[in-house]
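Everything on this sheet refers to the single structure shown next.
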Amino acid sequence: MADQKFSKIELNNEEEQVVDARSPVFPSDLKKEQSMTKEEGKHPKEKDSPLEKNSVLHKEKKKKWPKIAGLVFLGLFLFVLAISIPVAILAGPTIVSAKKTYGLVREAYEFGKNQDLVKAEEKLVETRISLEETQQKYNKLSWTKFVPGLHLYYLDGKRGLEAALAGIEAAEILLEAITPYADVLGFKGQGSFMGGTAEDRIARAVQTLDKITPEIDRVAEKLKVAEANISQISSNRYPESFQGKKIRENIDKAKEIVLAANLAMTDAKPILEVLPSILGHPEGKKYLVIFQNDGELRPTGGFMTAYAVLAVDTGKVKAEKSDDIYGLDRKFGRDLPAPEPIKKYLPLVYSWHLRDMNLSPDFKESMMTFDKYYSELPGEHQVDGIITVDTKVLKDLIDVLGPIEVSGFGKFTTEEDPRCNIPQVICELEFIVDKPLATHVSDRKSTILGPMMQEILYKALGSGRGQWGEIIKTGYNLLEEKHILVYFKDDKAQEAAEKFGIAGRVKDYKADFFMVNDTNFGGAKSNLYVVQEVEQEIEVKEDGTIQKKVSLVYIHPEPADDCNLESGGLCLSGILRNWFRVYVPEGSKLIEGLGSEVEIETSQDLGKTVFEGFFTLRPESRAKVILTYELPFKYEESEGCKQFIQKQPGTKEPKYTIYFGNKEEKFGLNKDKEIVF
C-alpha cells in the first residue's frame, strides 16, 4: 500500500511537468516540419552553419526529453496499474475471509474467558478452518513476492497467518489437555473426575497431573513457531494508524502477547512437574502458613502476627495447629542482638525476635533466616516450606465465597466497617488481634487464623463448580500480585516457584531496575490507609549519561486514632515511622537526597545499590522524598530505555508516573512491570 501511494505521488508530479513542457515530437510531425521548411525557401539538404546546426540539435533534444519522460512515466503508470488491479481483485476475498477469521477468534476468546471449554473448542475448530481458507486465498497473491518493495508486505502477511495458525493449534492442544480437569477447575465441560466429594475429585486429579507436562511441551513448540514468524514482522514498515485503527501498536502488542505466552509455558512446565509433590502426592507435606499484617508493612509484605500449620495429603488440606507469633517468640528465648536498622528505628527493642526476622526484601533470604531458628524450637512441627498470606487474601476469597462463620468468633464479611473504614473482616481481625481485652488477648489471637483458613477451605470445596474457576483465578491473581508468597525447602520445588514468579525473589535485571521497599517501625497499622505515589523523571545527557529524579509521596488521609493502650483504644491510624529503601542498579551514584530525617545512606544489597533513609508521617498529612541519581551505564538508542519495576509484597497499588523526554506513562503497580521507551 505504501509503495503504491509513493508511485502515485511520483506520477502526479510528472503529469505536472508534461503539462508545462512542449508536446512530444513524432515522425509525422518531422515530415510536416520538413515540408514547411521547403515552403519557406530553404532546401532540406542545404548545409547549415555550425552555429545553426548546434541550435537545431539543441531544439531537437529539447523536443525529445519530454517525449522520453512521458513514455517512461506512462510505462510506470501502466506497470503500477497492472499490479494494483489484480492485487485489489485478489485481496478483496482475502480481506473478507480474514475479517471472518478474526471474528471467530474473538468468539473463541470470549468463551475461553467465560470458562466454557466446549464452546471455546468448537469455535477454535471453526477458526482454524476459516484461517486455512484465508491462507489459500492469500496464496493467490504469492506472485507479488517478486515485486520489489511489495514483496516485504506479502511476506509479512504470510508470516502473520502462519503465526496465527500455530497459535490456534497451541490453544487446541491446551484445551484438550485441561478438558479432563474441567469439573475440578470449574470450567464448563465434561471432565474425567466426576462423582464423590470435591476433595475426592481433587485428589484423583492431583494423581494424574503428570500427564499434562508432555502436552505443555507440544504447546510450547507451537508457540515457538508463532514467535519465530511474528518476530520477523517489522512494525516500522507500517503507518501509525489506518482508517482510525492502530497498526504499529497492534503489531507490537501481538508480538508481546506471543512472547508472553511462550514464556508462560516455559515457566509453567517446572511448576506443573512438581505440583503433585507440592500437593502431597505421593507423600504428604506440611507447610507453615504465616499471616502477614500488611497494615503494618514490613519488607516481605507485613508484620508476621500469627501462623498455622497445614497438612496436605494428595490435595486434601487440614489445619493441624494455629498460634500467635508471640507464642513462638516465648519459646525462642534467645538473646540475639538486634540488627542495626531495628536498633536505629524500632524504639526500645534491643534483641532480634522471630517476628522481626523478615528484614530482607528477598522473601527466600528472610524465610531462610526465620526457618533457621524456627526449626530449632522444641515441640513445633517440622515443615516442608513456608507460605505467607496478607489481609487481601482473606478479603478477595470472601468476596468470591461470600460471608464465612468461624466458631467462637462470629461472621466475617467484606462490607465496609464504620469502626475502621475498611472491610469488616480486616477490621474485626484487628480488634481480635490488637485491641486490649479483659481476657488474655493471645487466647483469641492464637486460635483465629487456623479455624478461619479451615473454614475458607471448607466453603471453597463445598461451593459449586461455577465458583471454582473464579476461586482459581483469584488465587492466581493473589500470587501474581505478591499477596501470597511461597518458600520450599526442596530445591526443585523452590526453583520452579522462582521461575513461575511466586517466590518473592529480587530480580536480576541487566538494564534499569527500581524497587521501593518500606518498613513500618511505628507499631500502628497506618499502612491500611497510607497512599503512595511515585514519579520518575528520566533525562539523557548529551554524552548518553542517564540521570533520574525520583519523587516518593506518602499521603495519610485518615484522622488519628486513640493509640493510648491504657484507654483501650484500637490503634490503626497512628504515626507511621517509615524506614525506606530504594533499590537501583548496582553502581548508581546518588547526586542529591531530600525528605529524610536522617542522612540518606548508600549501601549494597542483593546485587543492587540501595538508597535508604527514614521519616515520620502523621495522620492527615503527607511526606515527600526526592532522590536524584545517575545510572551506572549510558543510553544506547538501539536498546531504548528499559526499566524493570518490582512491587513490594503486601502493597496495594502504588500510583506511578514516568517521564522520558516527551513521553509519559501512568499506571498502578499491582505486579512487577517492565517499561520500554
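In the C-alpha cells, each chain is lettered A, B, ... as it comes, each chain's residues begin at 1, and ligands are numbered from 1 in order of appearance.
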Handout entry: Residue set, range 134-354 of chain A restricted to helix (DSSP H, G or I), as an MDAnalysis selection string
Key = chainID A and resid 134:139 142:146 150:185 198:206 209:230 235:237 248:278 325:332 340:345 354
What would the file look like if the residues just selected were written as a compact mmCIF listing (two decimals), in the first residue's frame with C-alpha atoms?
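File produced: out_3.txt:
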```txt
# COMPACT_ATOMS: atom_id res chain seq x y z
CA THR A 134 -7.76 -17.34 4.31
CA GLN A 135 -4.29 -18.79 3.68
CA GLN A 136 -5.44 -20.42 0.43
CA LYS A 137 -6.87 -17.11 -0.82
CA TYR A 138 -3.75 -15.26 0.28
CA ASN A 139 -1.53 -17.71 -1.62
CA SER A 142 2.23 -15.09 -3.99
CA TRP A 143 3.39 -13.60 -7.31
CA THR A 144 3.75 -10.24 -5.51
CA LYS A 145 6.80 -11.58 -3.67
CA PHE A 146 8.73 -10.98 -6.90
CA LEU A 150 5.67 -5.14 -2.38
CA HIS A 151 7.31 -8.47 -1.54
CA LEU A 152 8.01 -7.32 2.05
CA TYR A 153 4.31 -6.85 2.75
CA TYR A 154 3.41 -10.18 1.17
CA LEU A 155 5.97 -11.95 3.38
CA ASP A 156 4.67 -10.14 6.49
CA GLY A 157 1.14 -11.31 5.73
CA LYS A 158 2.35 -14.88 5.17
CA ARG A 159 4.25 -14.87 8.47
CA GLY A 160 1.28 -13.38 10.33
CA LEU A 161 -1.04 -16.12 9.03
CA GLU A 162 1.45 -18.87 9.92
CA ALA A 163 1.87 -17.38 13.42
CA ALA A 164 -1.91 -17.27 13.86
CA LEU A 165 -2.33 -20.89 12.77
CA ALA A 166 0.40 -22.04 15.18
CA GLY A 167 -1.26 -20.07 17.99
CA ILE A 168 -4.65 -21.68 17.30
CA GLU A 169 -3.09 -25.15 17.24
CA ALA A 170 -1.41 -24.38 20.59
CA ALA A 171 -4.78 -23.35 22.06
CA GLU A 172 -6.39 -26.56 20.77
CA ILE A 173 -3.70 -28.72 22.40
CA LEU A 174 -4.03 -26.81 25.68
CA LEU A 175 -7.81 -27.17 25.73
CA GLU A 176 -7.52 -30.87 25.04
CA ALA A 177 -5.03 -31.19 27.94
CA ILE A 178 -7.17 -29.41 30.55
CA THR A 179 -10.58 -30.76 29.50
CA PRO A 180 -10.26 -33.86 31.76
CA TYR A 181 -9.88 -31.43 34.70
CA ALA A 182 -12.85 -29.25 33.68
CA ASP A 183 -15.04 -30.19 36.65
CA VAL A 184 -12.16 -29.71 39.13
CA LEU A 185 -11.11 -26.35 37.67
CA ALA A 198 -14.94 -32.26 45.95
CA GLU A 199 -11.90 -33.40 47.94
CA ASP A 200 -12.06 -36.84 46.31
CA ARG A 201 -12.23 -35.33 42.82
CA ILE A 202 -9.29 -33.04 43.56
CA ALA A 203 -7.29 -35.97 44.95
CA ARG A 204 -7.87 -38.03 41.78
CA ALA A 205 -6.94 -35.05 39.61
CA VAL A 206 -3.69 -34.48 41.53
CA LEU A 209 -1.24 -34.09 36.81
CA ASP A 210 1.94 -35.62 35.40
CA LYS A 211 0.03 -36.35 32.17
CA ILE A 212 -0.24 -32.61 31.43
CA THR A 213 3.52 -31.98 31.21
CA PRO A 214 4.06 -33.62 27.76
CA GLU A 215 1.15 -31.56 26.40
CA ILE A 216 2.81 -28.39 27.69
CA ASP A 217 5.86 -29.29 25.58
CA ARG A 218 3.63 -29.56 22.49
CA VAL A 219 2.02 -26.20 23.24
CA ALA A 220 5.45 -24.62 23.70
CA GLU A 221 6.65 -25.95 20.31
CA LYS A 222 3.65 -24.37 18.55
CA LEU A 223 4.22 -21.07 20.34
CA LYS A 224 7.87 -21.09 19.28
CA VAL A 225 6.71 -21.36 15.66
CA ALA A 226 4.33 -18.44 16.21
CA GLU A 227 7.06 -16.35 17.82
CA ALA A 228 9.61 -17.16 15.09
CA ASN A 229 7.18 -15.90 12.43
CA ILE A 230 5.77 -12.82 14.12
CA SER A 235 6.04 -2.60 12.63
CA ASN A 236 8.18 0.30 11.31
CA ARG A 237 7.12 -0.60 7.76
CA ARG A 248 2.01 -0.34 14.59
CA GLU A 249 0.74 -0.62 18.16
CA ASN A 250 -1.32 -3.73 17.33
CA ILE A 251 1.64 -5.41 15.63
CA ASP A 252 3.88 -4.73 18.65
CA LYS A 253 1.11 -5.87 21.00
CA ALA A 254 0.72 -9.14 19.07
CA LYS A 255 4.46 -9.73 19.43
CA GLU A 256 4.28 -9.09 23.19
CA ILE A 257 1.33 -11.47 23.61
CA VAL A 258 3.04 -14.31 21.74
CA LEU A 259 6.30 -13.77 23.66
CA ALA A 260 4.44 -13.66 27.00
CA ALA A 261 2.52 -16.85 26.15
CA ASN A 262 5.76 -18.58 25.19
CA LEU A 263 7.45 -17.51 28.44
CA ALA A 264 4.38 -18.54 30.44
CA MET A 265 4.53 -22.06 29.02
CA THR A 266 8.27 -22.24 29.66
CA ASP A 267 7.82 -21.07 33.26
CA ALA A 268 4.70 -23.20 33.85
CA LYS A 269 6.32 -26.52 32.96
CA PRO A 270 8.63 -26.75 36.03
CA ILE A 271 5.82 -25.87 38.47
CA LEU A 272 3.47 -28.42 36.85
CA GLU A 273 6.15 -31.09 37.17
CA VAL A 274 6.48 -30.54 40.94
CA LEU A 275 2.84 -29.62 41.64
CA PRO A 276 1.76 -33.17 42.58
CA SER A 277 4.60 -33.33 45.10
CA ILE A 278 3.76 -29.86 46.49
CA ILE A 325 3.68 -15.35 66.63
CA TYR A 326 4.44 -14.16 70.16
CA GLY A 327 3.95 -17.77 71.31
CA LEU A 328 6.87 -18.78 69.10
CA ASP A 329 8.99 -15.91 70.43
CA ARG A 330 8.33 -17.04 74.01
CA LYS A 331 9.66 -20.47 73.06
CA PHE A 332 12.59 -18.92 71.18
CA GLU A 340 21.30 -2.15 63.05
CA PRO A 341 18.00 -0.95 61.45
CA ILE A 342 15.96 -2.30 64.40
CA LYS A 343 18.28 -0.70 66.94
CA LYS A 344 18.16 2.55 65.00
CA TYR A 345 14.45 2.86 64.14
CA LEU A 354 11.34 -14.24 65.24
```
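Omitting Pro339 in chain A and its sequence neighbours fewer than 5 positions away, and counting only C-alpha atoms, the residues within 10 Å are A:Lys344, A:Tyr350, A:Ser351, A:Trp352, A:Asp356, A:Met357, A:Leu359.
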Fill in the blank from the handout: What separates CA of Leu485 in chain A and CA of Ile387 in chain A is a distance of 5.7 Å
Problem - strand (DSSP E) per DSSP on the backbone: members of range 319-553 of chain A, as a ChimeraX atom specification - result: /A:319-324,385-389,404-406,410-412,416-417,422-423,484-488,512-520,531-540,545-553
Go ahead and save the residues from that selection, with C-alpha atoms, as a tab-separated table (two decimals), in the first residue's frame.
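This went into out04.tsv:
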```tsv
chain	number	residue	atom	x	y	z
A	319	ALA	CA	-5.16	-27.25	59.68
A	320	GLU	CA	-3.22	-29.01	62.46
A	321	LYS	CA	-2.32	-26.03	64.62
A	322	SER	CA	-2.57	-22.23	64.81
A	323	ASP	CA	-0.96	-19.83	67.23
A	324	ASP	CA	0.17	-16.28	67.88
A	385	GLY	CA	8.01	-24.90	53.32
A	386	ILE	CA	6.60	-21.54	54.36
A	387	ILE	CA	3.63	-19.74	52.79
A	388	THR	CA	2.68	-16.17	53.71
A	389	VAL	CA	-0.71	-14.52	53.17
A	404	ILE	CA	-17.96	-17.02	56.49
A	405	GLU	CA	-18.75	-18.10	60.05
A	406	VAL	CA	-15.91	-19.04	62.40
A	410	GLY	CA	-18.73	-14.86	64.54
A	411	LYS	CA	-19.36	-13.75	60.98
A	412	PHE	CA	-16.82	-12.19	58.62
A	416	GLU	CA	-17.17	-1.53	54.90
A	417	ASP	CA	-16.89	-1.41	58.69
A	422	ILE	CA	-12.00	-0.76	55.95
A	423	PRO	CA	-13.60	-4.18	55.13
A	484	ILE	CA	0.72	-14.92	48.64
A	485	LEU	CA	4.41	-15.92	48.67
A	486	VAL	CA	5.99	-19.37	48.88
A	487	TYR	CA	9.30	-20.79	50.02
A	488	PHE	CA	10.08	-24.50	49.63
A	512	ASP	CA	17.49	-0.09	34.80
A	513	PHE	CA	15.97	-1.59	37.96
A	514	PHE	CA	13.73	0.11	40.53
A	515	MET	CA	12.10	-1.08	43.75
A	516	VAL	CA	10.80	0.85	46.75
A	517	ASN	CA	10.77	-1.14	49.99
A	518	ASP	CA	9.12	0.36	53.08
A	519	THR	CA	9.21	-0.84	56.69
A	520	ASN	CA	6.74	0.40	59.29
A	531	VAL	CA	-1.41	6.02	49.76
A	532	GLN	CA	1.89	6.02	47.86
A	533	GLU	CA	2.69	7.88	44.64
A	534	VAL	CA	5.95	7.59	42.68
A	535	GLU	CA	7.17	9.93	39.98
A	536	GLN	CA	10.26	9.38	37.83
A	537	GLU	CA	11.85	11.93	35.50
A	538	ILE	CA	14.44	10.31	33.22
A	539	GLU	CA	16.89	12.63	31.46
A	540	VAL	CA	19.54	11.61	28.91
A	545	THR	CA	24.57	9.69	30.76
A	546	ILE	CA	21.19	8.82	32.30
A	547	GLN	CA	20.07	10.92	35.26
A	548	LYS	CA	16.89	10.18	37.21
A	549	LYS	CA	14.91	12.30	39.61
A	550	VAL	CA	12.55	10.18	41.72
A	551	SER	CA	9.84	11.60	43.97
A	552	LEU	CA	8.19	9.35	46.58
A	553	VAL	CA	5.00	10.82	48.01
```
Problem - Pairwise distance for CA of Ile626 in chain A and CA of Ile555 in chain A, rounded to one decimal in Å - result: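 One can read the CA of Ile626 in chain A to CA of Ile555 in chain A distance as 14.9 Å.
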